[in-house]
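Asks: Okay, handing you the structure first.
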Amino acid sequence: MHYYIISGEPSGDLYGSKLMEHLKKYNPDSQFTCWGGIHMDSAGGQIVVDLESLSYMGFWEVFKNSGFILKNLSYAKSHIKKTNPDVLILIDYPGFNLRIAKYAKKIDIPVYWFIAPQLWAWKGNRIRVMRKYIDKLFVALPFELDYFKDRGLKTFYFGHPLLDIAQSKKKLDSSLKLGKPLIALLPGSRKQEIRKILPIMLGVLPHFLDYRFVIICVNNIQRSFYENLIGDLNVELKFNKDILYSVSGAVVTSGTATLELAIYKIPQVVCYKLDFISFILATLFARVKYISLVNILSNKRVVKELIQSECHTSSIVSELRLVLEENNVARIVSEYEKLIDSIGPVGCFQQIAKIIYSDLLVIKKHAKI
């Protein structure tokens with residue numbers, strides 16, 4: 001079997017690698033052509049386009065890089081046609097991947113989508129495109145199952161992939177908890193958002209002298225990029241999230257990482273800051289009350305969100321002090337436990353791989369008739 005996988009985000013790269021591992025259990029000789037990063041590469045994929053050239057944040061960044069994005073679209077179409085895979089697996093990255101789905105269906109390649117676009121959060125009309133060009137959709141949030149099914153898509157939900165990933169992580173030696181407690185900074189996965197938010201996060205260090213700080217880095221960005229932003233500050237860099245088992249609190253850019261911290265039961269302060277144009281457009285088109293997945297899934301404010309003008313060092317300091325208080329930690333963890341129960345079960349990668357592989361066997365059998 002030849003699988004062609006496109007992801008434009010570090011989280012998608014990780015999810016793709018886990019899916020590859022399970023697909024290989026059905027067919028060890030499987031071939032994987034990937035747009036991804038270190039995780040899919042380590043899982044045995046042939047990386048044709050690296051993640052670092054794909055991640056853009058906000059309307060303005062997309063507009064500025066539209067020429068490069070169009071070039072990538074053209075290359076994706078020609079490469080898919082040339083390699084003629086048995087199936088196309090698209091992971092999130094909707095602005096790009098929806099166009100690729102449309103092209104793939106025109107040349108009779110089945111299309112499977114993992115991690116649905118958050119259409120429920122934005123005004124828009126992408127649902128018709130998805131219904132027409134996606135064979136099966138695998139969603140990560142429980143309420144998305146009915147949302148997309150009711151709109152005519154063949155939709156499946158097997159739990160959130162982060163539960164599988166957290167379960168596979170190794171707990172660190174308890175000795176790491178000796179000495180000063182740890183606070184994690186998670187400034188995002190794209191260079192442009194890290195440049196914007198990390199200096200603000202780093203401003204909290206002088207206010208928490210009884211803590212050590214660690215920046216959780218993404219593997220597709222070089223260590224030197226972070227080091228240039230840190231300067232002489234006393235903060236550790238970690239490219240492995242296993243250390244989260246030893247963290248007492250966190251400051252995080254809104255995104256998948258907010259849910260990940262909840263799974264690790266870490267009190268957090270959520271930050272979000274866009275360029276002015278992107279923020280105005282987001283305000284006009286967004287139709288959700290919260291921006292963090294923790295609050296969206298809980299349907300109430302469990303974690304503090306500091307958005308745009310509220311996102312500055314002094315506000316982070318105040319909110320971080322609050323969430324680190326013992327009584328607040330207990331309340332937050334209690335809410336996290338309810339949330340974790342709501343996004344199960346564990347085992348989504350196995351179930352998704354089983355469906356895709358079984359479908360391909362049927363397609364190949366019919367092709368021989």
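Residues in the structure tokens are numbered from 1 in each chain, the chains being A, B, ... in the order shown, and ligands are numbered from 1 in the order shown.
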Write out as a ChimeraX atom specification the residues lying within 10 Å of Leu54 in chain A, counting only C-alpha atoms and excluding same-chain residues fewer than 4 positions away.
Replies: /A:7-9,35-36,49-50,65,68-69,72,93,96,190
Asks: One decimal, Å: what's the distance from CA of Phe156 in chain A over to CA of Val139 in chain A, could you say?
Replies: 6.2 Å
Asks: In Å, with one decimal, what is the gap from CA of Arg301 in chain A to CA of Ser315 in chain A?
Replies: 16.8 Å
Asks: For Phe148 in chain A, which residue out of A:Gln308, A:Gln118, A:Ser30, A:Asn84 is the nearest one, using only C-alpha atoms?
Replies: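 Of A:Gln308, A:Gln118, A:Ser30, A:Asn84, the one nearest Phe148 in chain A is A:Gln118, counting only C-alpha atoms.
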Asks: Distance table requested - range 229-303 of chain A against range 157-167 of chain A, cut-off 8 Å, only C-alpha atoms: one row per qualifying residue with the closest atom pair and its distance in Å to one decimal, ordered by chain and rising residue number, as JSON lines.
Replies:
{"residue": "A:Glu260", "atom": "CA", "partner": "A:Leu162", "partner_atom": "CA", "distance": 6.6}
{"residue": "A:Ile263", "atom": "CA", "partner": "A:Leu163", "partner_atom": "CA", "distance": 7.3}
{"residue": "A:Tyr264", "atom": "CA", "partner": "A:Ala166", "partner_atom": "CA", "distance": 7.7}
Asks: Find the residues around Ile230 in chain A up to 12 Å (only C-alpha atoms counted), leave out those fewer than 6 positions away in its own chain, and share them as number ranges by chain.
Replies: A: 185, 194-195, 198-203, 205, 213-215, 223-224, 236-237
Asks: I need the residues from that last selection saved to file as a PDB file, in the first residue's frame (with N, CA and C atoms), if you can.
Replies:
ATOM      1  N   LEU A 185       6.958  26.973  29.727  1.00  0.00           N
ATOM      2  CA  LEU A 185       6.496  27.971  28.761  1.00  0.00           C
ATOM      3  C   LEU A 185       6.317  27.261  27.426  1.00  0.00           C
ATOM      4  N   ILE A 194       5.935  32.500  17.976  1.00  0.00           N
ATOM      5  CA  ILE A 194       6.945  32.402  19.033  1.00  0.00           C
ATOM      6  C   ILE A 194       7.668  33.736  19.202  1.00  0.00           C
ATOM      7  N   ARG A 195       8.023  34.374  18.082  1.00  0.00           N
ATOM      8  CA  ARG A 195       8.676  35.695  18.153  1.00  0.00           C
ATOM      9  C   ARG A 195       7.801  36.707  18.888  1.00  0.00           C
ATOM     10  N   LEU A 198       6.878  34.726  22.995  1.00  0.00           N
ATOM     11  CA  LEU A 198       7.893  34.253  23.942  1.00  0.00           C
ATOM     12  C   LEU A 198       8.533  35.385  24.750  1.00  0.00           C
ATOM     13  N   PRO A 199       8.890  36.531  24.148  1.00  0.00           N
ATOM     14  CA  PRO A 199       9.454  37.621  24.966  1.00  0.00           C
ATOM     15  C   PRO A 199       8.512  38.073  26.079  1.00  0.00           C
ATOM     16  N   ILE A 200       7.216  38.049  25.809  1.00  0.00           N
ATOM     17  CA  ILE A 200       6.237  38.418  26.839  1.00  0.00           C
ATOM     18  C   ILE A 200       6.247  37.380  27.954  1.00  0.00           C
ATOM     19  N   MET A 201       6.269  36.105  27.570  1.00  0.00           N
ATOM     20  CA  MET A 201       6.312  35.030  28.569  1.00  0.00           C
ATOM     21  C   MET A 201       7.580  35.103  29.414  1.00  0.00           C
ATOM     22  N   LEU A 202       8.702  35.363  28.771  1.00  0.00           N
ATOM     23  CA  LEU A 202       9.985  35.400  29.487  1.00  0.00           C
ATOM     24  C   LEU A 202      10.036  36.514  30.526  1.00  0.00           C
ATOM     25  N   GLY A 203       9.195  37.515  30.342  1.00  0.00           N
ATOM     26  CA  GLY A 203       9.152  38.622  31.292  1.00  0.00           C
ATOM     27  C   GLY A 203       8.696  38.224  32.680  1.00  0.00           C
ATOM     28  N   LEU A 205       9.876  35.692  34.418  1.00  0.00           N
ATOM     29  CA  LEU A 205      10.937  35.001  35.168  1.00  0.00           C
ATOM     30  C   LEU A 205      11.373  35.718  36.444  1.00  0.00           C
ATOM     31  N   PHE A 213      12.423  27.511  35.137  1.00  0.00           N
ATOM     32  CA  PHE A 213      11.603  27.630  33.931  1.00  0.00           C
ATOM     33  C   PHE A 213      12.167  26.767  32.808  1.00  0.00           C
ATOM     34  N   VAL A 214      11.264  26.181  32.047  1.00  0.00           N
ATOM     35  CA  VAL A 214      11.648  25.376  30.893  1.00  0.00           C
ATOM     36  C   VAL A 214      10.762  25.763  29.712  1.00  0.00           C
ATOM     37  N   ILE A 215      11.364  25.934  28.552  1.00  0.00           N
ATOM     38  CA  ILE A 215      10.606  26.193  27.326  1.00  0.00           C
ATOM     39  C   ILE A 215      10.423  24.872  26.597  1.00  0.00           C
ATOM     40  N   ARG A 223      17.281  24.910  17.650  1.00  0.00           N
ATOM     41  CA  ARG A 223      17.601  25.391  18.995  1.00  0.00           C
ATOM     42  C   ARG A 223      18.092  26.839  18.962  1.00  0.00           C
ATOM     43  N   SER A 224      18.877  27.200  17.940  1.00  0.00           N
ATOM     44  CA  SER A 224      19.451  28.546  17.850  1.00  0.00           C
ATOM     45  C   SER A 224      18.369  29.619  17.767  1.00  0.00           C
ATOM     46  N   GLU A 236      15.676  26.645  30.707  1.00  0.00           N
ATOM     47  CA  GLU A 236      16.062  25.432  29.991  1.00  0.00           C
ATOM     48  C   GLU A 236      15.262  25.297  28.695  1.00  0.00           C
ATOM     49  N   LEU A 237      15.828  24.582  27.730  1.00  0.00           N
ATOM     50  CA  LEU A 237      15.128  24.241  26.496  1.00  0.00           C
ATOM     51  C   LEU A 237      14.913  22.736  26.456  1.00  0.00           C
TER      52      LEU A 237
END
Asks: CA of Phe239 in chain A to CA of Gln350 in chain A: how many Å, to one decimal?
Replies: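 One can read the CA of Phe239 in chain A to CA of Gln350 in chain A distance as 26.0 Å.
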Asks: Considering only C-alpha atoms, return as a PyMOL selection string whatever protein or nucleic-acid residues lie within 7 Å of Leu293 in chain A, sequence-local ones (same chain, fewer than 4 positions apart) excluded.
Replies: chain A and resi 258-259+297
Asks: Excluding range 217-220 of chain A and any residue of its chain fewer than 2 positions from it, enumerate the residues within 7 Å of it, using only C-alpha atoms, and give them as number ranges by chain.
Replies: A: 37-38, 51-52, 189, 215, 222, 237-239
Asks: Using 10 Å as the limit and counting only C-alpha atoms, can you tabulate each residue of range 214-256 of chain A that touches range 321-338 of chain A, with its shortest atom-to-atom distance in Å and the two atoms involved, as CSV?
Replies:
residue,atom,partner,partner_atom,distance
A:Ser248,CA,A:Leu324,CA,7.5
A:Gly249,CA,A:Leu324,CA,6.5
A:Ala250,CA,A:Val323,CA,9.3
Asks: Would you please extract all strand (DSSP E) residues from range 123-280 of chain A, as assigned by DSSP on the backbone, and give them as an MDAnalysis selection string?
Replies: chainID A and resid 136:139 155:157 182:186 212:216 236:238 247:253 268:272
Asks: Write out the residues from the selection above, keeping C-alpha atoms, as a PDB file, in the first residue's frame.
Replies:
ATOM      1  CA  LYS A 136     -14.272   9.640   5.484  1.00  0.00           C
ATOM      2  CA  LEU A 137     -13.622  12.122   8.277  1.00  0.00           C
ATOM      3  CA  PHE A 138     -12.020  11.222  11.616  1.00  0.00           C
ATOM      4  CA  VAL A 139     -12.691  13.886  14.253  1.00  0.00           C
ATOM      5  CA  THR A 155     -17.717  10.852  10.284  1.00  0.00           C
ATOM      6  CA  PHE A 156     -16.026   8.763  12.975  1.00  0.00           C
ATOM      7  CA  TYR A 157     -14.900   9.533  16.526  1.00  0.00           C
ATOM      8  CA  LEU A 182       9.209  23.812  37.310  1.00  0.00           C
ATOM      9  CA  ILE A 183       7.087  26.182  35.236  1.00  0.00           C
ATOM     10  CA  ALA A 184       6.769  25.390  31.528  1.00  0.00           C
ATOM     11  CA  LEU A 185       6.496  27.971  28.761  1.00  0.00           C
ATOM     12  CA  LEU A 186       4.825  26.734  25.567  1.00  0.00           C
ATOM     13  CA  ARG A 212      12.833  26.987  37.464  1.00  0.00           C
ATOM     14  CA  PHE A 213      11.603  27.630  33.931  1.00  0.00           C
ATOM     15  CA  VAL A 214      11.648  25.376  30.893  1.00  0.00           C
ATOM     16  CA  ILE A 215      10.606  26.193  27.326  1.00  0.00           C
ATOM     17  CA  ILE A 216       8.893  23.334  25.512  1.00  0.00           C
ATOM     18  CA  GLU A 236      16.062  25.432  29.991  1.00  0.00           C
ATOM     19  CA  LEU A 237      15.128  24.241  26.496  1.00  0.00           C
ATOM     20  CA  LYS A 238      13.390  20.885  26.078  1.00  0.00           C
ATOM     21  CA  VAL A 247       5.852  20.589  35.809  1.00  0.00           C
ATOM     22  CA  SER A 248       3.874  22.543  38.433  1.00  0.00           C
ATOM     23  CA  GLY A 249       2.357  25.187  36.136  1.00  0.00           C
ATOM     24  CA  ALA A 250       2.474  26.516  32.587  1.00  0.00           C
ATOM     25  CA  VAL A 251       2.014  29.538  30.361  1.00  0.00           C
ATOM     26  CA  VAL A 252       0.818  28.421  26.937  1.00  0.00           C
ATOM     27  CA  THR A 253      -0.142  29.846  23.566  1.00  0.00           C
ATOM     28  CA  GLN A 268      -2.130  26.879  33.007  1.00  0.00           C
ATOM     29  CA  VAL A 269      -2.537  30.436  31.801  1.00  0.00           C
ATOM     30  CA  VAL A 270      -3.484  30.705  28.114  1.00  0.00           C
ATOM     31  CA  CYS A 271      -2.112  33.506  25.923  1.00  0.00           C
ATOM     32  CA  TYR A 272      -3.067  34.579  22.425  1.00  0.00           C
TER      33      TYR A 272
END
Asks: Please determine, counting only C-alpha atoms, which residue among A:Arg126, A:Lys105, A:Lys77, A:Lys241 has the shortest atom-to-atom distance to Ile6 in chain A.
Replies: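 Looking only at the distances to Ile6 in chain A, the closest residue turns out to be A:Lys77.
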Asks: Quick one: residues within 8 Å of Gly16 in chain A, only C-alpha atoms, excluding same-chain residues fewer than 2 positions away - as a short mmCIF file (atom, residue, chain, number, x, y, z; two decimals) with N, CA and C atoms, in the first residue's frame?
Replies:
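Wrote out26.cif, looks like this:
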data_model
loop_
_atom_site.label_atom_id
_atom_site.label_comp_id
_atom_site.auth_asym_id
_atom_site.auth_seq_id
_atom_site.Cartn_x
_atom_site.Cartn_y
_atom_site.Cartn_z
N ILE A 5 0.57 11.30 2.82
CA ILE A 5 0.09 12.02 4.00
C ILE A 5 0.57 13.47 3.96
N SER A 7 0.53 16.98 6.26
CA SER A 7 0.27 17.73 7.49
C SER A 7 1.07 19.02 7.45
N GLY A 12 0.19 17.60 13.79
CA GLY A 12 -0.20 16.70 12.71
C GLY A 12 0.92 15.75 12.32
N ASP A 13 2.15 16.23 12.39
CA ASP A 13 3.32 15.38 12.13
C ASP A 13 3.37 14.24 13.14
N LEU A 14 3.11 14.56 14.40
CA LEU A 14 3.11 13.54 15.45
C LEU A 14 1.96 12.56 15.25
N LYS A 18 2.07 8.33 14.38
CA LYS A 18 1.39 7.29 15.14
C LYS A 18 0.46 6.48 14.24
N LEU A 19 -0.21 7.16 13.33
CA LEU A 19 -1.08 6.47 12.38
C LEU A 19 -0.26 5.54 11.48
N MET A 20 0.90 6.00 11.05
CA MET A 20 1.79 5.18 10.23
C MET A 20 2.20 3.91 10.97
N HIS A 39 8.85 13.50 13.17
CA HIS A 39 8.12 12.33 13.65
C HIS A 39 7.77 11.37 12.52
N MET A 40 7.23 11.90 11.43
CA MET A 40 6.91 11.03 10.30
C MET A 40 8.17 10.49 9.64
N ILE A 91 -4.20 15.68 7.24
CA ILE A 91 -4.28 15.93 8.68
C ILE A 91 -4.38 17.43 8.93
#
Asks: Could you name the residues that touch Glu21 in chain A at 12 Å or less, counting only C-alpha atoms, but leaving out those on the same chain fewer than 3 positions away, as a ChimeraX atom specification?
Replies: /A:14-18,24-32,39-45,349-350,352-354
Asks: Please return, as an NGL selection string, all residues of range 63-196 of chain A that DSSP assigns to alpha helix (DSSP H) on the basis of the backbone.
Replies: :A and (63-64 or 66-83 or 94-106 or 127-133 or 144-149 or 161-168 or 191-196)
Asks: Can you write just those residues out, C-alpha atoms, as a compact mmCIF listing (two decimals), in the first residue's frame?
Replies:
# COMPACT_ATOMS: atom_id res chain seq x y z
CA PHE A 63 -1.49 36.76 2.51
CA LYS A 64 2.20 37.71 2.63
CA SER A 66 0.46 33.49 -0.81
CA GLY A 67 2.92 33.07 -3.69
CA PHE A 68 4.85 30.38 -1.85
CA ILE A 69 1.62 28.66 -0.78
CA LEU A 70 0.39 28.56 -4.39
CA LYS A 71 3.73 27.09 -5.44
CA ASN A 72 3.34 24.36 -2.82
CA LEU A 73 -0.20 23.65 -4.00
CA SER A 74 0.99 23.24 -7.56
CA TYR A 75 3.81 20.95 -6.46
CA ALA A 76 1.48 18.84 -4.30
CA LYS A 77 -0.90 18.24 -7.20
CA SER A 78 1.83 17.30 -9.66
CA HIS A 79 3.60 15.07 -7.13
CA ILE A 80 0.42 13.25 -6.14
CA LYS A 81 -0.37 12.61 -9.79
CA LYS A 82 3.18 11.40 -10.45
CA THR A 83 3.40 9.06 -7.44
CA PRO A 94 -7.59 23.03 6.05
CA GLY A 95 -6.80 26.05 3.87
CA PHE A 96 -4.28 23.96 1.95
CA ASN A 97 -5.64 20.45 2.31
CA LEU A 98 -9.17 21.18 1.11
CA ARG A 99 -7.75 22.23 -2.24
CA ILE A 100 -5.68 19.07 -2.40
CA ALA A 101 -8.72 16.94 -1.52
CA LYS A 102 -10.61 18.44 -4.44
CA TYR A 103 -7.77 17.63 -6.83
CA ALA A 104 -7.27 14.08 -5.51
CA LYS A 105 -10.92 13.18 -6.07
CA LYS A 106 -10.68 14.39 -9.66
CA ILE A 127 -18.68 22.14 4.65
CA ARG A 128 -19.94 21.69 1.07
CA VAL A 129 -16.39 21.19 -0.18
CA MET A 130 -15.70 18.64 2.55
CA ARG A 131 -18.91 16.74 1.84
CA LYS A 132 -18.09 16.52 -1.86
CA TYR A 133 -14.41 15.58 -1.73
CA GLU A 144 -17.79 17.11 16.18
CA LEU A 145 -19.22 13.65 15.46
CA ASP A 146 -22.83 14.85 15.33
CA TYR A 147 -21.85 18.24 13.90
CA PHE A 148 -20.33 16.75 10.75
CA LYS A 149 -22.66 13.75 10.49
CA PRO A 161 -5.27 11.33 19.83
CA LEU A 162 -3.54 13.15 22.69
CA LEU A 163 -4.86 10.50 25.09
CA ASP A 164 -2.98 7.81 23.16
CA ILE A 165 0.17 9.92 23.05
CA ALA A 166 0.08 10.78 26.76
CA GLN A 167 -0.43 7.11 27.60
CA SER A 168 2.67 6.16 25.59
CA LYS A 191 8.18 31.01 14.33
CA GLN A 192 6.03 34.11 13.88
CA GLU A 193 3.90 33.38 16.96
CA ILE A 194 6.95 32.40 19.03
CA ARG A 195 8.68 35.69 18.15
CA LYS A 196 5.58 37.57 19.27
